[in-house]
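**Q** Next comes the structure file upload14.cif, holding mmCIF, C-alpha atoms and all ligand atoms.
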```cif
data_coords
loop_
_atom_site.label_atom_id
_atom_site.label_comp_id
_atom_site.auth_asym_id
_atom_site.auth_seq_id
_atom_site.Cartn_x
_atom_site.Cartn_y
_atom_site.Cartn_z
CA MET Q 1 111.39 11.48 244.85
CA LYS Q 2 113.62 8.51 245.73
CA GLN Q 3 111.87 5.24 246.55
CA VAL Q 4 113.28 3.31 249.47
CA THR Q 5 112.30 -0.12 250.83
CA LEU Q 6 111.16 0.15 254.44
CA ILE Q 7 111.35 -2.96 256.64
CA PRO Q 8 109.69 -2.06 259.99
CA GLY Q 9 110.73 -5.37 261.62
CA ASP Q 10 109.43 -6.90 264.85
CA GLY Q 11 108.90 -5.82 268.46
CA ILE Q 12 109.69 -2.11 268.82
CA GLY Q 13 110.54 -1.96 265.08
CA PRO Q 14 107.14 -0.59 263.91
CA GLU Q 15 107.08 2.00 266.74
CA ILE Q 16 110.50 3.48 265.98
CA THR Q 17 109.75 3.27 262.25
CA GLU Q 18 106.62 5.42 262.74
CA ALA Q 19 108.74 8.03 264.55
CA VAL Q 20 111.28 8.16 261.70
CA LYS Q 21 108.50 8.40 259.10
CA ALA Q 22 106.91 11.33 260.99
CA ILE Q 23 110.25 13.18 261.17
CA PHE Q 24 110.99 12.60 257.46
CA SER Q 25 107.53 13.80 256.54
CA ALA Q 26 107.82 16.95 258.68
CA ALA Q 27 111.22 17.68 257.10
CA ASN Q 28 109.77 17.25 253.58
CA VAL Q 29 112.41 14.69 252.67
CA PRO Q 30 111.96 13.62 249.04
CA VAL Q 31 111.82 9.91 249.89
CA SER Q 32 108.84 7.61 249.39
CA TRP Q 33 108.63 4.38 251.35
CA GLU Q 34 107.81 0.98 249.89
CA GLU Q 35 106.92 -1.04 252.96
CA GLU Q 36 107.82 -4.76 253.00
CA ASN Q 37 108.31 -6.63 256.22
CA ALA Q 38 110.45 -9.62 257.26
CA GLY Q 39 110.97 -11.58 260.46
CA GLN Q 40 108.83 -13.26 263.06
CA THR Q 41 105.60 -11.30 262.46
CA THR Q 42 105.84 -12.02 258.73
CA PHE Q 43 106.57 -15.68 259.43
CA GLU Q 44 103.50 -15.94 261.63
CA SER Q 45 101.24 -14.33 259.03
CA ILE Q 46 102.49 -15.82 255.74
CA GLY Q 47 104.88 -18.60 256.77
CA GLU Q 48 107.98 -16.93 255.31
CA LEU Q 49 110.77 -15.07 257.12
CA ILE Q 50 111.97 -13.18 254.03
CA PRO Q 51 109.09 -12.89 251.51
CA ALA Q 52 109.83 -12.84 247.78
CA THR Q 53 108.11 -9.44 247.57
CA LEU Q 54 110.76 -7.98 249.90
CA ILE Q 55 113.58 -9.40 247.77
CA ALA Q 56 111.94 -7.92 244.64
CA SER Q 57 111.55 -4.54 246.34
CA LEU Q 58 115.23 -4.53 247.41
CA GLU Q 59 116.36 -5.50 243.91
CA LYS Q 60 114.32 -2.65 242.46
CA ASN Q 61 115.05 0.15 244.95
CA LYS Q 62 118.65 -0.79 245.93
CA VAL Q 63 118.31 1.17 249.19
CA ALA Q 64 116.48 0.13 252.36
CA LEU Q 65 115.90 1.20 255.93
CA LYS Q 66 115.42 -1.70 258.30
CA GLY Q 67 114.12 -1.99 261.86
CA PRO Q 68 115.18 -4.79 264.21
CA ILE Q 69 114.08 -8.31 263.32
CA THR Q 70 113.44 -11.26 265.60
CA THR Q 71 114.94 -14.46 264.25
CA PRO Q 72 112.86 -17.29 265.77
CA VAL Q 73 114.94 -19.48 268.07
CA GLY Q 74 115.42 -23.05 266.89
CA LYS Q 75 117.09 -25.14 264.24
CA GLY Q 76 116.53 -24.20 260.61
CA PHE Q 77 116.14 -20.45 261.23
CA LYS Q 78 119.20 -18.75 259.80
CA SER Q 79 119.60 -15.09 260.83
CA ILE Q 80 117.71 -12.85 258.42
CA ASN Q 81 120.35 -10.16 258.73
CA VAL Q 82 123.11 -12.59 257.77
CA GLN Q 83 121.00 -13.93 254.86
CA LEU Q 84 120.37 -10.47 253.41
CA ARG Q 85 124.03 -9.46 253.77
CA GLN Q 86 125.23 -12.59 251.99
CA LYS Q 87 122.53 -12.67 249.28
CA PHE Q 88 123.25 -9.09 248.17
CA ASP Q 89 126.99 -9.12 248.95
CA LEU Q 90 126.66 -6.21 251.39
CA TYR Q 91 130.30 -6.62 252.34
CA SER Q 92 130.79 -3.38 254.34
CA ASN Q 93 129.21 -3.06 257.75
CA VAL Q 94 129.73 0.58 258.65
CA ARG Q 95 129.27 1.67 262.26
CA PRO Q 96 129.99 5.27 263.31
CA ALA Q 97 130.51 5.91 267.04
CA LYS Q 98 130.58 9.53 268.12
CA THR Q 99 130.17 11.18 271.51
CA THR Q 100 126.85 13.08 271.76
CA LYS Q 101 126.29 16.16 273.90
CA GLY Q 102 123.73 15.24 276.57
CA ILE Q 103 124.42 11.50 276.58
CA GLU Q 104 126.55 10.72 279.59
CA THR Q 105 129.48 8.36 278.99
CA ARG Q 106 132.98 7.85 280.36
CA PHE Q 107 134.57 9.68 277.42
CA ASP Q 108 133.74 12.98 275.81
CA ASN Q 109 135.77 12.83 272.62
CA VAL Q 110 135.09 9.60 270.73
CA ASN Q 111 134.68 9.93 266.98
CA SER Q 112 135.37 6.77 265.01
CA VAL Q 113 133.87 4.77 262.15
CA LEU Q 114 134.30 1.02 262.07
CA PHE Q 115 134.33 -0.96 258.80
CA ARG Q 116 133.58 -4.61 259.46
CA GLU Q 117 133.80 -7.22 256.68
CA ASN Q 118 130.24 -8.49 256.62
CA THR Q 119 130.06 -11.69 254.56
CA GLU Q 120 133.15 -13.86 255.21
CA GLY Q 121 135.31 -15.02 258.11
CA LEU Q 122 133.79 -17.02 260.91
CA TYR Q 123 130.28 -16.16 259.67
CA SER Q 124 130.76 -17.78 256.24
CA GLY Q 125 128.50 -20.64 257.32
CA LEU Q 126 131.24 -23.26 256.84
CA GLU Q 127 130.49 -25.38 259.88
CA MET Q 128 130.94 -29.11 260.36
CA PHE Q 129 130.24 -31.50 263.18
CA ASP Q 130 131.76 -34.98 263.26
CA GLU Q 131 129.33 -37.06 265.29
CA ARG Q 132 131.70 -40.03 265.68
CA LEU Q 133 134.74 -38.07 266.83
CA GLN Q 134 132.69 -35.34 268.57
CA ILE Q 135 134.67 -32.64 266.79
CA SER Q 136 133.19 -29.34 265.73
CA ASP Q 137 134.72 -27.05 263.08
CA SER Q 138 133.74 -23.47 262.24
CA VAL Q 139 135.87 -22.30 259.35
CA ALA Q 140 136.90 -18.64 259.24
CA ARG Q 141 137.43 -18.41 255.48
CA ILE Q 142 138.40 -15.05 254.02
CA THR Q 143 139.26 -14.26 250.41
CA ARG Q 144 141.87 -11.89 249.02
CA VAL Q 145 139.17 -10.08 247.03
CA GLY Q 146 136.99 -9.81 250.16
CA CYS Q 147 139.91 -8.27 252.10
CA GLN Q 148 140.62 -5.84 249.27
CA LYS Q 149 137.00 -4.69 249.03
CA ILE Q 150 136.51 -3.87 252.73
CA ILE Q 151 139.96 -2.28 253.10
CA ARG Q 152 139.46 -0.14 249.99
CA ALA Q 153 136.00 0.90 251.28
CA ALA Q 154 137.57 2.07 254.57
CA PHE Q 155 140.29 4.09 252.83
CA GLU Q 156 137.81 5.58 250.35
CA TYR Q 157 135.59 6.69 253.26
CA ALA Q 158 138.61 8.17 255.08
CA SER Q 159 139.68 10.01 251.96
CA LYS Q 160 136.18 11.38 251.23
CA HIS Q 161 135.60 12.51 254.82
CA GLY Q 162 139.05 13.96 255.51
CA CYS Q 163 139.93 11.36 258.16
CA LYS Q 164 143.58 11.27 259.20
CA LYS Q 165 144.11 7.63 260.05
CA VAL Q 166 142.94 4.10 259.18
CA THR Q 167 143.71 1.33 261.67
CA ALA Q 168 143.60 -2.35 260.63
CA VAL Q 169 142.68 -4.78 263.41
CA HIS Q 170 143.85 -8.41 263.09
CA LYS Q 171 145.52 -11.35 264.80
CA ALA Q 172 148.24 -11.97 262.23
CA ASN Q 173 150.72 -13.00 264.93
CA ILE Q 174 148.72 -16.20 265.55
CA LEU Q 175 146.49 -16.54 262.45
CA LYS Q 176 149.43 -16.91 260.10
CA SER Q 177 147.32 -17.47 256.99
CA ALA Q 178 144.12 -15.37 257.19
CA GLY Q 179 145.57 -12.69 259.47
CA ALA Q 180 148.66 -12.27 257.32
CA MET Q 181 146.59 -12.00 254.13
CA PHE Q 182 144.35 -9.30 255.63
CA LEU Q 183 147.30 -7.31 256.97
CA GLY Q 184 149.29 -7.75 253.73
CA GLU Q 185 146.40 -6.39 251.67
CA PHE Q 186 145.98 -3.51 254.12
CA ASN Q 187 149.65 -2.49 253.81
CA GLN Q 188 149.45 -2.74 250.02
CA ILE Q 189 146.25 -0.69 249.62
CA ALA Q 190 147.49 1.93 252.14
CA LYS Q 191 150.19 2.88 249.60
CA ASP Q 192 147.44 4.27 247.32
CA TYR Q 193 146.48 6.78 250.06
CA PRO Q 194 149.75 8.51 251.02
CA ASN Q 195 147.96 11.34 252.85
CA ILE Q 196 146.22 8.97 255.27
CA GLN Q 197 148.16 7.48 258.14
CA ALA Q 198 147.88 3.68 258.19
CA ASP Q 199 148.57 1.64 261.29
CA ASP Q 200 147.54 -1.74 262.64
CA LYS Q 201 146.73 -3.26 266.00
CA ILE Q 202 146.36 -6.81 267.23
CA ILE Q 203 142.74 -7.39 268.35
CA ASP Q 204 143.47 -7.92 272.05
CA ASN Q 205 145.58 -4.78 272.32
CA MET Q 206 142.92 -2.93 270.31
CA CYS Q 207 140.25 -3.78 272.92
CA MET Q 208 142.46 -2.44 275.69
CA GLN Q 209 143.35 0.72 273.72
CA LEU Q 210 139.69 1.39 272.88
CA VAL Q 211 138.50 1.28 276.47
CA ALA Q 212 141.51 3.30 277.69
CA LYS Q 213 142.10 5.93 274.98
CA PRO Q 214 139.35 5.71 272.32
CA GLU Q 215 140.06 9.21 270.99
CA GLN Q 216 143.19 7.94 269.21
CA PHE Q 217 141.10 6.07 266.60
CA ASP Q 218 139.55 7.43 263.45
CA VAL Q 219 138.59 4.83 260.81
CA ILE Q 220 138.96 1.18 261.87
CA VAL Q 221 138.83 -1.79 259.46
CA THR Q 222 138.67 -5.45 260.39
CA THR Q 223 137.33 -8.92 259.62
CA ASN Q 224 133.83 -10.17 260.47
CA LEU Q 225 134.03 -11.59 264.02
CA PHE Q 226 136.47 -8.97 265.35
CA GLY Q 227 134.28 -6.29 263.79
CA ASP Q 228 131.09 -7.68 265.31
CA ILE Q 229 132.60 -7.47 268.79
CA LEU Q 230 134.45 -4.18 268.34
CA SER Q 231 131.43 -2.39 266.88
CA ASP Q 232 129.38 -3.08 270.02
CA LEU Q 233 132.35 -2.11 272.18
CA CYS Q 234 132.52 1.21 270.33
CA ALA Q 235 128.74 1.65 270.77
CA GLY Q 236 129.25 1.22 274.51
CA LEU Q 237 131.76 4.08 274.50
CA VAL Q 238 129.19 6.54 273.16
CA GLY Q 239 125.96 5.59 274.92
CA GLY Q 240 125.03 2.07 273.85
CA LEU Q 241 123.15 0.29 271.10
CA GLY Q 242 120.08 2.52 271.42
CA VAL Q 243 121.90 5.50 269.90
CA VAL Q 244 124.23 4.19 267.20
CA ALA Q 245 123.61 3.82 263.49
CA GLY Q 246 124.60 1.03 261.16
CA ALA Q 247 124.73 0.34 257.45
CA ASN Q 248 125.32 -2.71 255.29
CA ILE Q 249 126.76 -1.54 252.00
CA GLY Q 250 127.65 -3.40 248.81
CA ASP Q 251 128.61 -2.21 245.34
CA ASP Q 252 125.04 -1.57 244.24
CA MET Q 253 122.80 -1.94 247.31
CA ALA Q 254 122.71 -0.56 250.83
CA ILE Q 255 120.57 -1.51 253.84
CA PHE Q 256 120.63 0.94 256.75
CA GLU Q 257 119.59 -0.49 260.10
CA ALA Q 258 119.26 0.11 263.81
CA VAL Q 259 121.81 -2.21 265.36
CA HIS Q 260 119.85 -3.00 268.50
CA GLY Q 261 117.33 -5.86 268.67
CA SER Q 262 113.54 -5.92 268.72
CA ALA Q 263 113.44 -5.32 272.52
CA PRO Q 264 110.49 -7.61 273.33
CA ASP Q 265 110.57 -6.40 276.97
CA ILE Q 266 109.36 -2.92 275.98
CA ALA Q 267 107.56 -3.63 272.68
CA GLY Q 268 104.07 -2.14 272.40
CA LYS Q 269 104.60 0.35 275.24
CA GLY Q 270 105.49 3.30 273.02
CA ILE Q 271 108.64 4.10 275.00
CA ALA Q 272 111.41 2.86 272.67
CA ASN Q 273 114.15 5.24 271.67
CA PRO Q 274 114.11 5.85 267.89
CA THR Q 275 117.59 7.48 267.81
CA ALA Q 276 119.48 4.49 266.38
CA LEU Q 277 117.02 4.06 263.51
CA LEU Q 278 116.89 7.81 262.89
CA ARG Q 279 120.68 8.03 262.77
CA SER Q 280 120.72 5.10 260.33
CA ALA Q 281 118.13 6.96 258.25
CA ILE Q 282 120.36 10.06 258.30
CA MET Q 283 123.26 7.91 257.01
CA MET Q 284 120.87 6.76 254.29
CA LEU Q 285 120.17 10.36 253.30
CA HIS Q 286 123.91 10.99 252.90
CA HIS Q 287 124.09 7.85 250.74
CA LEU Q 288 121.24 9.24 248.61
CA GLU Q 289 123.12 12.54 248.43
CA LEU Q 290 120.33 14.38 250.25
CA LYS Q 291 122.87 16.23 252.39
CA GLU Q 292 120.79 19.28 253.22
CA GLU Q 293 117.94 17.16 254.61
CA ALA Q 294 120.41 14.91 256.46
CA ASN Q 295 122.11 17.87 258.14
CA ARG Q 296 118.83 19.53 259.10
CA ILE Q 297 117.41 16.40 260.76
CA GLU Q 298 120.74 15.68 262.45
CA ALA Q 299 120.88 19.19 263.94
CA ALA Q 300 117.32 18.83 265.30
CA LEU Q 301 118.15 15.40 266.75
CA GLU Q 302 121.37 16.61 268.39
CA ALA Q 303 119.57 19.61 269.93
CA THR Q 304 116.91 17.26 271.35
CA LEU Q 305 119.46 14.78 272.70
CA ALA Q 306 121.28 17.65 274.44
CA ASN Q 307 118.22 18.12 276.68
CA GLN Q 308 117.63 14.93 278.68
CA GLN Q 309 114.07 15.97 279.62
CA GLU Q 310 113.02 15.75 275.97
CA CYS Q 311 114.32 12.21 275.50
CA THR Q 312 112.99 8.69 276.13
CA GLY Q 313 113.42 6.85 279.43
CA ASP Q 314 116.59 4.96 278.45
CA LEU Q 315 118.31 8.37 278.09
CA GLY Q 316 116.99 9.66 281.41
CA GLY Q 317 113.93 11.50 280.10
CA LYS Q 318 110.20 10.89 280.31
CA ALA Q 319 109.13 11.30 276.68
CA SER Q 320 107.35 8.56 274.76
CA THR Q 321 108.67 7.52 271.35
CA MET Q 322 106.31 9.89 269.53
CA GLU Q 323 106.83 12.77 272.01
CA PHE Q 324 110.57 12.45 271.41
CA ALA Q 325 109.88 12.54 267.66
CA GLN Q 326 107.71 15.64 268.12
CA ASN Q 327 110.51 17.33 270.08
CA ILE Q 328 112.81 16.74 267.11
CA ILE Q 329 110.16 17.95 264.64
CA SER Q 330 109.68 21.19 266.60
CA LYS Q 331 113.38 22.00 265.99
CA LEU Q 332 113.51 21.28 262.27
P1 LIG O 401 117.73 -5.96 272.32
O1 LIG O 401 118.69 -5.00 271.68
O2 LIG O 401 116.43 -6.14 271.65
O3 LIG O 401 117.46 -5.50 273.83
C1 LIG O 401 118.46 -5.36 274.83
C2 LIG O 401 118.02 -4.32 275.86
O4 LIG O 401 118.11 -3.01 275.29
C3 LIG O 401 116.56 -4.49 276.29
O5 LIG O 401 116.45 -4.19 277.66
C4 LIG O 401 115.81 -3.46 275.48
O6 LIG O 401 114.63 -2.98 276.08
C5 LIG O 401 116.84 -2.36 275.32
N1 LIG O 401 116.69 -1.63 274.04
C6 LIG O 401 117.04 -2.05 272.80
N2 LIG O 401 116.72 -1.14 271.89
C7 LIG O 401 116.16 -0.11 272.54
C8 LIG O 401 115.61 1.14 272.13
N3 LIG O 401 115.59 1.53 270.83
N4 LIG O 401 115.08 1.96 273.06
C9 LIG O 401 115.10 1.61 274.35
N5 LIG O 401 115.60 0.44 274.81
C10 LIG O 401 116.13 -0.41 273.92
O7 LIG O 401 118.52 -7.36 272.44
P2 LIG O 401 117.97 -8.81 272.80
O8 LIG O 401 116.96 -8.73 273.90
O9 LIG O 401 119.19 -9.61 272.99
O10 LIG O 401 117.27 -9.33 271.48
C11 LIG O 401 115.86 -9.34 271.25
C12 LIG O 401 115.58 -9.86 269.84
O11 LIG O 401 116.16 -8.98 268.88
C13 LIG O 401 116.11 -11.25 269.55
O12 LIG O 401 115.14 -11.98 268.87
C14 LIG O 401 117.29 -11.02 268.61
O13 LIG O 401 117.44 -12.06 267.68
C15 LIG O 401 116.87 -9.75 267.90
N6 LIG O 401 118.00 -8.92 267.41
C16 LIG O 401 117.88 -8.37 266.17
C17 LIG O 401 118.86 -7.54 265.68
C18 LIG O 401 118.67 -6.92 264.33
O14 LIG O 401 117.66 -7.15 263.69
N7 LIG O 401 119.59 -6.13 263.86
C19 LIG O 401 120.08 -7.25 266.44
C20 LIG O 401 120.08 -7.85 267.77
C21 LIG O 401 119.08 -8.67 268.23
#
```
Please express the file's structure as structure tokens.
**A**
Amino acid sequence: MKQVTLIPGDGIGPEITEAVKAIFSAANVPVSWEEENAGQTTFESIGELIPATLIASLEKNKVALKGPITTPVGKGFKSINVQLRQKFDLYSNVRPAKTTKGIETRFDNVNSVLFRENTEGLYSGLEMFDERLQISDSVARITRVGCQKIIRAAFEYASKHGCKKVTAVHKANILKSAGAMFLGEFNQIAKDYPNIQADDKIIDNMCMQLVAKPEQFDVIVTTNLFGDILSDLCAGLVGGLGVVAGANIGDDMAIFEAVHGSAPDIAGKGIANPTALLRSAIMMLHHLELKEEANRIEAALEATLANQQECTGDLGGKASTMEFAQNIISKL
């Protein structure tokens, strides 16, 4: 039995978490949950956004599944997601985007995985404001080691999964320092993987290419801000944030998470779609090398998604969160 930290989160988080727990239990997955919450609900009950007990649980278990978290609006509240990524050096944000039978989109053949550097760049937290001159600086600092780690992670993934191509996305034509370092490291590391095609695209062209011909991309690797934007763009190509998985992976810890927010507009109604969290949980099973269980749950999920009637309202069906989960369970 593998113990995993479970962070239900806020808003719809506990509802979609219950659905995933029910599916895991029905599939007899050898995972036990250690539940520790974070976010607004936790703040309201104990006055802390990230309790020490959660940190201890993460340090012990090294693997977590996380629902969406509400970061209270206002000064002094730093994003919990960003804090966890930086504290545990979860430098790879991995976002698969694949067309699903039954989910209507403009394209029917998207299959890409985006690797976004998760701890540096414009989100390093290096921000200054000069009151006298009214000048604001946000520093996009990247390190050579940081570039090497995310680029190597992308090539390793491509190599392990038989992917044909890795595309680096950058702005080296304008960002002569950071962009050139990222691209230089990419070209260097690519030499270690002679069987994988390596190419690069400037970010603006990449956006145009993705919305015109997304099928040409396989593994994509990029810096933090570009990756943040591109990963949601890719989600839009395959059905939106409600259906895509995400993972934050470091050298010795991984947090798998639904990438959508806590959806306060539908929280408590029992109608949220648990697909994104379930797909993140399936990624987690692969990480734990529980391949058989991962494949079985994935097959049941795909068969359910193929029939709109069995899905939640956002996908055109009428099922509640738990009815949708039951439809998946009946196919296990
Ligand atoms: P949101 O993703 O929560 O909601 C946007 C729209 O998508 C809403 O109409 C919502 O009902 C719908 N939606 C989202 N997930 C859904 C699901 N699973 N099933 C059905 N419909 C779904 O984004 P919003 O409203 O901008 O953010 C709300 C809160 O979530 C904020 O406090 C924000 O800070 C937080 N947030 C947390 C994230 C995380 O923990 N990873 C990521 C994004 C936002």
**Q** In terms of the shortest atom-to-atom distance over all atoms listed in the file, which of Q:Leu114, Q:Glu36, Q:Gly102, Q:Asn61 is closest to Gly227 of chain Q?
**A**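 Ranked by minimum distance to Gly227 of chain Q, first place goes to Q:Leu114.
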**Q** Choose the residue, out of Q:Lys318, Q:Arg132, Q:Lys66, Q:Lys149, that has the smallest atom-to-atom separation from ligand LIG 401 (chain O); count only C-alpha atoms and all ligand atoms.
**A**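 Distance minimum relative to ligand LIG 401 (chain O) lands on Q:Lys66.
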**Q** What is the distance between atom CA of Ala172 of chain Q and atom CA of Ser124 of chain Q, in Å to one decimal?
**A**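 So the answer is 19.4 Å.
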**Q** Can you tell me, as a short mmCIF file (atom, residue, chain, number, x, y, z; two decimals) with C-alpha atoms, in the frame of the given file, what residues are no more than 9 Å from Leu301 of chain Q when counting all atoms listed in the file, ignoring any on the same chain fewer than 5 positions away?
**A**
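Written out: out-v5.cif:
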```
data_model
loop_
_atom_site.label_atom_id
_atom_site.label_comp_id
_atom_site.auth_asym_id
_atom_site.auth_seq_id
_atom_site.Cartn_x
_atom_site.Cartn_y
_atom_site.Cartn_z
CA THR Q 275 117.59 7.48 267.81
CA LEU Q 278 116.89 7.81 262.89
CA ARG Q 279 120.68 8.03 262.77
CA ARG Q 296 118.83 19.53 259.10
CA ALA Q 306 121.28 17.65 274.44
CA ALA Q 325 109.88 12.54 267.66
CA ASN Q 327 110.51 17.33 270.08
CA ILE Q 328 112.81 16.74 267.11
CA ILE Q 329 110.16 17.95 264.64
CA LYS Q 331 113.38 22.00 265.99
CA LEU Q 332 113.51 21.28 262.27
#
```
**Q** Can I get the residues close to ligand LIG 401 (chain O) as a PyMOL selection string, where close means within 10 Å and we count all atoms listed in the file?
**A** chain Q and resi 9-13+15-16+38-40+66-73+79-82+240-244+246+257-267+270-277+312-315+321
**Q** Is it possible to get the residues within 7 Å of (113.4, 8.2, 251.2) (coordinates as in the file, counting all atoms listed in the file) written as a short mmCIF file (atom, residue, chain, number, x, y, z; two decimals) with C-alpha atoms, in the frame of the given file?
**A**
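Once written, point-v3.cif looks like this:
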```cif
data_model
loop_
_atom_site.label_atom_id
_atom_site.label_comp_id
_atom_site.auth_asym_id
_atom_site.auth_seq_id
_atom_site.Cartn_x
_atom_site.Cartn_y
_atom_site.Cartn_z
CA LYS Q 2 113.62 8.51 245.73
CA GLN Q 3 111.87 5.24 246.55
CA VAL Q 4 113.28 3.31 249.47
CA VAL Q 29 112.41 14.69 252.67
CA PRO Q 30 111.96 13.62 249.04
CA VAL Q 31 111.82 9.91 249.89
CA SER Q 32 108.84 7.61 249.39
CA TRP Q 33 108.63 4.38 251.35
#
```
**Q** Could you give me the axis-aligned bounding box of segment 268-277 of chain Q, with 5 Å of padding per side, as centre plus edge lengths in Å to one decimal, as JSON?
**A**
```
{"center_x": 111.8, "center_y": 2.7, "center_z": 269.4, "size_x": 25.4, "size_y": 19.6, "size_z": 21.7}
```
**Q** Go ahead and compute the interatomic distance for atom CA of Tyr91 of chain Q and atom CA of Ile249 of chain Q, in Å to one decimal.
**A**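 Computing it gives 6.2 Å between the two atoms.
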**Q** Tell me which of Q:His286, Q:Lys101, Q:Lys191, Q:Lys291 sits closest to Ile151 of chain Q, counting all atoms listed in the file.
**A**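 Closest to Ile151 of chain Q of all the choices is Q:Lys191.
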**Q** Taking into account all atoms listed in the file, which residue in the set Q:Cys234, Q:Ala254, Q:Ile174, Q:Ala64 is nearest to Ile7 of chain Q?
**A**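 Under the stated criterion, the closest residue is Q:Ala64.
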**Q** Figure out the distance between atom CA of Ala281 of chain Q and atom CA of Val20 of chain Q, please, to one decimal in Å.
**A**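 Computed distance, atom CA of Val20 of chain Q to atom CA of Ala281 of chain Q, equals 7.8 Å.
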**Q** Please list as number ranges by chain every residue within 9 Å of Gly250 of chain Q, counting only C-alpha atoms and excluding residues in the same chain fewer than 2 positions away.
**A** Q: 85, 88-92, 248, 252-255
